[in-house]
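Asks: For reference, this is protein07.tsv, and it has TSV, C-alpha atoms and all ligand atoms.
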chain	number	residue	atom	x	y	z
L	183	MET	CA	-10.60	267.98	-163.84
L	184	ARG	CA	-11.34	268.96	-160.29
L	185	THR	CA	-8.86	266.50	-158.85
L	186	LEU	CA	-5.89	268.00	-160.65
L	187	ARG	CA	-6.66	271.43	-159.32
L	188	THR	CA	-5.62	270.19	-155.90
L	189	HIS	CA	-2.09	270.03	-157.24
L	190	SER	CA	-2.23	273.03	-159.49
L	191	ILE	CA	-2.87	275.43	-156.62
L	192	ILE	CA	0.43	274.33	-155.09
L	193	GLY	CA	2.17	275.11	-158.34
L	194	SER	CA	3.03	273.12	-161.38
L	195	SER	CA	6.64	272.72	-160.25
L	196	VAL	CA	5.70	270.16	-157.61
L	197	ARG	CA	3.62	268.14	-160.05
L	198	ASP	CA	6.46	268.27	-162.54
L	199	LEU	CA	8.85	266.97	-159.91
L	200	PHE	CA	6.53	264.03	-159.34
L	201	GLU	CA	5.90	263.33	-162.93
L	202	ASP	CA	9.06	263.77	-164.90
L	203	GLY	CA	10.70	260.90	-163.01
L	204	LYS	CA	14.12	262.55	-163.18
L	205	HIS	CA	14.22	263.65	-159.57
L	206	ASP	CA	15.48	261.62	-156.71
L	207	ARG	CA	12.62	260.44	-154.52
L	208	LYS	CA	14.20	261.86	-151.33
L	209	VAL	CA	14.59	265.29	-152.91
L	210	VAL	CA	10.94	265.31	-153.99
L	211	GLU	CA	9.90	264.05	-150.54
L	212	ALA	CA	11.80	266.85	-148.78
L	213	SER	CA	10.76	269.66	-151.10
L	214	THR	CA	7.09	268.69	-150.98
L	215	ALA	CA	7.32	268.17	-147.19
L	216	ARG	CA	8.32	271.81	-146.89
L	217	ILE	CA	4.96	272.78	-148.45
L	218	VAL	CA	3.18	270.65	-145.83
L	219	VAL	CA	5.26	272.23	-143.06
L	220	ALA	CA	4.57	275.75	-144.36
L	221	SER	CA	0.83	275.05	-144.28
L	222	LEU	CA	1.09	273.80	-140.67
L	223	ASN	CA	2.93	276.99	-139.69
L	224	SER	CA	0.35	279.23	-141.34
L	225	LYS	CA	-2.80	280.49	-139.63
L	226	PRO	CA	-4.52	277.47	-138.00
L	227	ASN	CA	-7.86	276.29	-139.37
L	228	GLU	CA	-9.92	273.08	-139.17
L	229	GLY	CA	-7.94	271.61	-142.07
L	230	THR	CA	-4.55	272.12	-140.42
L	231	GLU	CA	-6.02	270.68	-137.18
L	232	ARG	CA	-7.03	267.53	-139.09
L	233	VAL	CA	-3.59	267.27	-140.71
L	234	ILE	CA	-1.88	267.69	-137.32
L	235	GLY	CA	-4.19	264.98	-135.92
L	236	LEU	CA	-3.07	262.63	-138.72
L	237	ILE	CA	0.62	263.42	-138.20
L	238	GLU	CA	0.38	262.88	-134.44
L	239	SER	CA	-1.50	259.64	-135.00
L	240	CYS	CA	1.35	258.42	-137.27
L	241	HIS	CA	3.92	259.51	-134.66
L	242	ARG	CA	2.13	257.51	-131.93
L	243	ILE	CA	2.11	254.36	-134.04
L	244	SER	CA	5.79	254.77	-134.99
L	245	GLN	CA	6.79	255.32	-131.35
L	246	MET	CA	4.87	252.27	-130.13
L	247	ILE	CA	6.31	250.00	-132.80
L	248	GLU	CA	9.78	251.47	-132.21
L	249	ALA	CA	9.47	250.72	-128.47
L	250	ILE	CA	8.34	247.14	-129.14
L	251	LYS	CA	11.24	246.58	-131.54
L	252	ALA	CA	13.73	248.15	-129.11
L	253	SER	CA	12.59	245.91	-126.24
L	254	GLY	CA	13.60	242.97	-128.40
L	255	GLY	CA	11.33	240.56	-126.57
L	256	GLY	CA	8.39	240.70	-128.95
L	257	SER	CA	5.19	242.51	-128.16
L	258	SER	CA	2.78	241.75	-125.34
L	259	SER	CA	-0.94	241.42	-126.01
L	260	GLY	CA	-1.42	244.80	-124.30
L	261	GLN	CA	1.06	246.43	-126.67
L	262	ASN	CA	-0.58	244.77	-129.68
L	263	ALA	CA	-3.95	246.08	-128.59
L	264	GLN	CA	-2.50	249.60	-128.23
L	265	VAL	CA	-0.99	249.50	-131.71
L	266	SER	CA	-4.24	248.16	-133.18
L	267	SER	CA	-6.34	250.89	-131.60
L	268	ALA	CA	-3.86	253.54	-132.78
L	269	VAL	CA	-4.11	252.15	-136.31
L	270	VAL	CA	-7.91	252.19	-136.09
L	271	ASP	CA	-7.67	255.85	-135.05
L	272	LEU	CA	-5.41	256.66	-138.03
L	273	ASN	CA	-7.76	254.91	-140.47
L	274	ARG	CA	-10.76	256.63	-138.97
L	275	ARG	CA	-9.07	259.99	-139.64
L	276	LEU	CA	-8.20	258.94	-143.21
L	277	GLY	CA	-11.77	257.71	-143.76
L	278	LYS	CA	-12.80	261.33	-144.11
L	279	TYR	CA	-11.02	261.51	-147.48
L	280	LYS	CA	-11.92	259.79	-150.73
L	281	TRP	CA	-9.35	258.66	-153.26
L	282	HIS	CA	-9.96	257.50	-156.76
L	283	PRO	CA	-7.69	256.19	-159.50
L	284	HIS	CA	-6.61	258.66	-162.15
L	285	VAL	CA	-4.82	257.31	-165.22
L	286	PHE	CA	-2.31	259.27	-167.31
L	287	GLY	CA	-0.82	258.31	-170.64
L	288	SER	CA	2.87	257.58	-170.35
L	289	MET	CA	5.78	257.71	-172.77
L	290	SER	CA	8.02	255.61	-170.54
L	291	ALA	CA	9.64	252.44	-171.89
L	292	GLU	CA	7.88	250.19	-169.35
L	293	SER	CA	4.28	251.30	-169.74
L	294	HIS	CA	1.81	253.35	-171.72
L	295	PHE	CA	-0.06	254.22	-168.56
L	296	ARG	CA	0.70	255.76	-165.22
L	297	ILE	CA	-1.67	255.77	-162.30
L	298	HIS	CA	-2.07	258.20	-159.48
L	299	TYR	CA	-4.62	258.19	-156.65
L	300	PRO	CA	-5.58	261.78	-155.94
L	301	ILE	CA	-8.06	262.76	-153.24
L	302	VAL	CA	-11.43	263.70	-154.70
L	303	SER	CA	-13.00	266.94	-153.56
L	304	VAL	CA	-16.65	267.75	-153.93
L	305	ALA	CA	-16.19	271.35	-152.93
L	306	PHE	CA	-13.04	273.20	-153.74
L	307	ASP	CA	-11.22	276.03	-152.08
L	308	GLN	CA	-7.62	276.94	-151.40
L	309	GLU	CA	-7.57	275.75	-147.78
L	310	LEU	CA	-9.10	272.41	-148.72
L	311	GLY	CA	-6.60	272.06	-151.56
L	312	ILE	CA	-3.70	272.53	-149.16
L	313	GLU	CA	-5.21	270.08	-146.69
L	314	HIS	CA	-5.58	267.47	-149.44
L	315	PHE	CA	-2.02	268.07	-150.59
L	316	ALA	CA	-0.81	267.45	-147.01
L	317	VAL	CA	-2.92	264.31	-146.57
L	318	GLN	CA	-1.75	263.01	-149.94
L	319	TRP	CA	1.86	263.62	-148.87
L	320	ILE	CA	1.28	261.76	-145.59
L	321	VAL	CA	-0.14	258.60	-147.17
L	322	GLU	CA	2.51	258.57	-149.89
L	323	ASN	CA	5.39	259.11	-147.44
L	324	LEU	CA	4.23	257.30	-144.29
L	325	ASP	CA	7.76	256.30	-143.31
L	326	ALA	CA	8.88	259.92	-143.42
L	327	VAL	CA	6.00	261.40	-141.40
L	328	HIS	CA	8.09	261.15	-138.19
L	329	ARG	CA	10.39	263.74	-139.81
L	330	ILE	CA	7.61	266.34	-139.67
L	331	ARG	CA	8.08	267.63	-136.14
L	332	ARG	CA	7.64	270.60	-133.86
L	333	CYS	CA	10.62	272.56	-132.61
L	334	ARG	CA	11.57	271.45	-129.09
L	335	LEU	CA	12.10	275.04	-127.93
L	336	GLN	CA	8.90	275.82	-126.00
L	337	LYS	CA	8.86	279.46	-127.12
L	338	CYS	CA	9.08	278.40	-130.79
L	339	ARG	CA	7.15	275.13	-131.39
L	340	LYS	CA	7.34	275.75	-135.15
L	341	TRP	CA	6.80	272.78	-137.46
L	342	PHE	CA	9.81	271.69	-139.51
L	343	TYR	CA	11.01	268.82	-141.65
L	344	ALA	CA	13.97	267.14	-139.97
L	345	LYS	CA	16.95	266.41	-142.20
L	346	THR	CA	18.15	263.73	-139.78
L	347	ASP	CA	16.44	261.45	-137.24
L	348	HIS	CA	17.98	263.27	-134.28
L	349	GLN	CA	17.20	266.89	-135.32
L	350	LYS	CA	15.01	268.38	-132.59
L	351	TYR	CA	15.00	272.09	-133.39
L	352	CYS	CA	13.72	274.00	-136.40
L	353	GLY	CA	17.15	275.61	-136.77
L	354	GLU	CA	20.47	276.54	-135.21
L	355	THR	CA	19.08	279.66	-133.51
L	356	CYS	CA	16.56	277.62	-131.50
L	357	ARG	CA	19.08	274.87	-130.74
L	358	LYS	CA	21.57	277.40	-129.34
L	359	LYS	CA	18.89	279.30	-127.45
L	360	ASP	CA	17.67	276.11	-125.76
L	361	ALA	CA	21.23	275.05	-124.95
L	362	SER	CA	22.02	278.42	-123.37
L	363	GLN	CA	18.76	278.34	-121.41
L	364	GLY	CA	19.80	274.90	-120.20
L	365	GLU	CA	23.16	276.35	-119.14
L	366	SER	CA	21.61	279.31	-117.34
L	367	PHE	CA	19.21	276.94	-115.57
L	368	LYS	CA	22.13	274.83	-114.37
L	369	GLU	CA	23.98	277.95	-113.21
L	370	HIS	CA	20.86	279.22	-111.40
L	371	ARG	CA	20.49	275.87	-109.68
L	372	ARG	CA	24.19	275.74	-108.72
L	373	VAL	CA	23.94	279.16	-107.02
L	374	TYR	CA	20.68	278.18	-105.31
L	375	MET	CA	22.08	274.90	-103.98
L	376	LYS	CA	25.22	276.63	-102.66
L	377	LYS	CA	23.05	279.14	-100.76
L	378	TYR	CA	20.73	276.33	-99.56
L	379	ARG	CA	23.64	274.24	-98.21
L	380	LYS	CA	25.12	277.27	-96.45
L	381	GLU	CA	21.79	278.03	-94.78
L	382	GLU	CA	21.34	274.39	-93.89
L	383	ALA	CA	24.76	274.33	-92.22
L	384	ALA	CA	23.84	277.48	-90.25
L	385	ARG	CA	20.54	275.86	-89.16
L	386	ASP	CA	22.36	272.73	-88.04
L	387	ALA	CA	24.92	274.77	-86.10
L	388	ARG	CA	22.15	276.71	-84.38
L	389	ALA	CA	20.28	273.50	-83.52
L	390	MET	CA	23.49	272.06	-82.10
L	391	ARG	CA	24.06	275.17	-79.93
L	392	LEU	CA	20.46	275.01	-78.67
L	393	ALA	CA	20.85	271.34	-77.83
L	394	LYS	CA	23.96	272.11	-75.80
L	395	GLY	CA	21.99	274.87	-74.05
L	396	LYS	CA	24.25	277.71	-75.21
L	401	ZN	ZN	12.40	276.70	-133.37
Here is a file; write its structure as structure tokens.

Replies:
Amino acid sequence: MRTLRTHSIIGSSVRDLFEDGKHDRKVVEASTARIVVASLNSKPNEGTERVIGLIESCHRISQMIEAIKASGGGSSSGQNAQVSSAVVDLNRRLGKYKWHPHVFGSMSAESHFRIHYPIVSVAFDQELGIEHFAVQWIVENLDAVHRIRRCRLQKCRKWFYAKTDHQKYCGETCRKKDASQGESFKEHRRVYMKKYRKEEAARDARAMRLAKGK
């Protein structure tokens, strides 16, 4: 049962959330996303690089389609070609993984069977297990991948799962820090411009005096 071990290393609680059917889909999506985010924030390795590549590929496609929709005028052939090549890139990245159907018995009223498509691993190790968990999350929650983001604060850049579409920082501390840096930049610029204008006025006055031969 190699395929199930992928999940078991993450902990049975996540699998239970998926399988008991009692939990709200959004809650499961967010709690499992946090595992993906934690893996992205851990020590980088080839697996996390591949997962980041997949996430960024999804972001590019979402942004392009979003821009086409926002323009309202339909997409140009150039835009269509861009979206197509981005989709080819995403599928090329996914082509590295192999899924197969895995059937469970089910006690639910609707069916005696339940099917899940786990990624098959030939080799197995912890890092690979986490990578597969992340990839599985991505394909099962494609419309939520844009919520996995990096903190906008340049000194932080931590990955986080956004609770809302407009959340740009991993937390309040970073949001406030960036806002105050923005303020201090504005203040710095205000002082600089005041000094610059004063010097400019002095230069003009001197030029004027020279022109009058004084
Ligand atoms: Zn941050």

Asks: Smallest atom-to-atom distance to ligand ZN 401 (chain L): which of L:Gln363, L:Asn227, L:Thr355, L:Ser244, using only C-alpha atoms and all ligand atoms?

Replies: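 Among L:Gln363, L:Asn227, L:Thr355, L:Ser244, it is L:Thr355 that comes nearest to ligand ZN 401 (chain L).
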
Asks: Could you give me the residues within 9 Å of ligand ZN 401 (chain L), counting only C-alpha atoms and all ligand atoms, as an MDAnalysis selection string?

Replies: chainID L and resid 332:342 350:357

Asks: Those selected residues, please, written with C-alpha atoms and delivered as a short mmCIF file (atom, residue, chain, number, x, y, z; two decimals), keeping the file's coordinate frame.

Replies:
data_model
loop_
_atom_site.label_atom_id
_atom_site.label_comp_id
_atom_site.auth_asym_id
_atom_site.auth_seq_id
_atom_site.Cartn_x
_atom_site.Cartn_y
_atom_site.Cartn_z
CA ARG L 332 7.64 270.60 -133.86
CA CYS L 333 10.62 272.56 -132.61
CA ARG L 334 11.57 271.45 -129.09
CA LEU L 335 12.10 275.04 -127.93
CA GLN L 336 8.90 275.82 -126.00
CA LYS L 337 8.86 279.46 -127.12
CA CYS L 338 9.08 278.40 -130.79
CA ARG L 339 7.15 275.13 -131.39
CA LYS L 340 7.34 275.75 -135.15
CA TRP L 341 6.80 272.78 -137.46
CA PHE L 342 9.81 271.69 -139.51
CA LYS L 350 15.01 268.38 -132.59
CA TYR L 351 15.00 272.09 -133.39
CA CYS L 352 13.72 274.00 -136.40
CA GLY L 353 17.15 275.61 -136.77
CA GLU L 354 20.47 276.54 -135.21
CA THR L 355 19.08 279.66 -133.51
CA CYS L 356 16.56 277.62 -131.50
CA ARG L 357 19.08 274.87 -130.74
#

Asks: Restricting the calculation to only C-alpha atoms, which member of L:Ile320, L:Leu310, L:Cys240, L:Val210 is positioned closest to Val270 in chain L?

Replies: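 Closest to Val270 in chain L of all the choices is L:Cys240.
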
Asks: Quick one, how far is CA of Ser253 in chain L from CA of Gly235 in chain L?

Replies: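 Distance between the two atoms: 27.2 Å.
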
Asks: What separation in Å, quoted to one decimal, exists between CA of Arg232 in chain L and CA of Leu276 in chain L?

Replies: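 About the pair CA of Arg232 in chain L and CA of Leu276 in chain L: they are 9.6 Å apart.
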
Asks: Do a neighbour search on Ile330 in chain L at 8 Å with only C-alpha atoms, toss out local chain neighbours closer than 6 positions, and write the hits as a list of chain:residue names.

Replies: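 Selected residues are L:Ala215, L:Val219, L:Ile237, L:Trp341, L:Phe342, L:Tyr343, L:Ala344.
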
Asks: Which of these, L:Ala291, L:Ile247, L:Leu324, L:Val317, has the shortest distance to Ser266 in chain L once you count all atoms listed in the file?

Replies: L:Ile247

Asks: Which residue out of L:Trp281, L:Asn273, L:Gly229, L:Gln264 has the minimum interatomic distance to Val304 in chain L when all atoms listed in the file are used?

Replies: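 Using all atoms listed in the file, Val304 in chain L sits closest to L:Trp281.
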
Asks: Could you check which residues have any atom within 12 Å of (-8.8, 276.8, -149.5), counting only C-alpha atoms with coordinates taken straight from the file, and then list them as a compact mmCIF listing (two decimals) with C-alpha atoms, in the frame of the given file?

Replies:
# COMPACT_ATOMS: atom_id res chain seq x y z
CA ARG L 187 -6.66 271.43 -159.32
CA THR L 188 -5.62 270.19 -155.90
CA ILE L 191 -2.87 275.43 -156.62
CA ILE L 192 0.43 274.33 -155.09
CA SER L 221 0.83 275.05 -144.28
CA ASN L 227 -7.86 276.29 -139.37
CA GLU L 228 -9.92 273.08 -139.17
CA GLY L 229 -7.94 271.61 -142.07
CA THR L 230 -4.55 272.12 -140.42
CA SER L 303 -13.00 266.94 -153.56
CA ALA L 305 -16.19 271.35 -152.93
CA PHE L 306 -13.04 273.20 -153.74
CA ASP L 307 -11.22 276.03 -152.08
CA GLN L 308 -7.62 276.94 -151.40
CA GLU L 309 -7.57 275.75 -147.78
CA LEU L 310 -9.10 272.41 -148.72
CA GLY L 311 -6.60 272.06 -151.56
CA ILE L 312 -3.70 272.53 -149.16
CA GLU L 313 -5.21 270.08 -146.69
CA HIS L 314 -5.58 267.47 -149.44
CA PHE L 315 -2.02 268.07 -150.59

Asks: What is the distance between CA of Arg207 in chain L and CA of Ala316 in chain L, in Å to one decimal?

Replies: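 So the two atoms, CA of Arg207 in chain L and CA of Ala316 in chain L, lie 16.9 Å apart.
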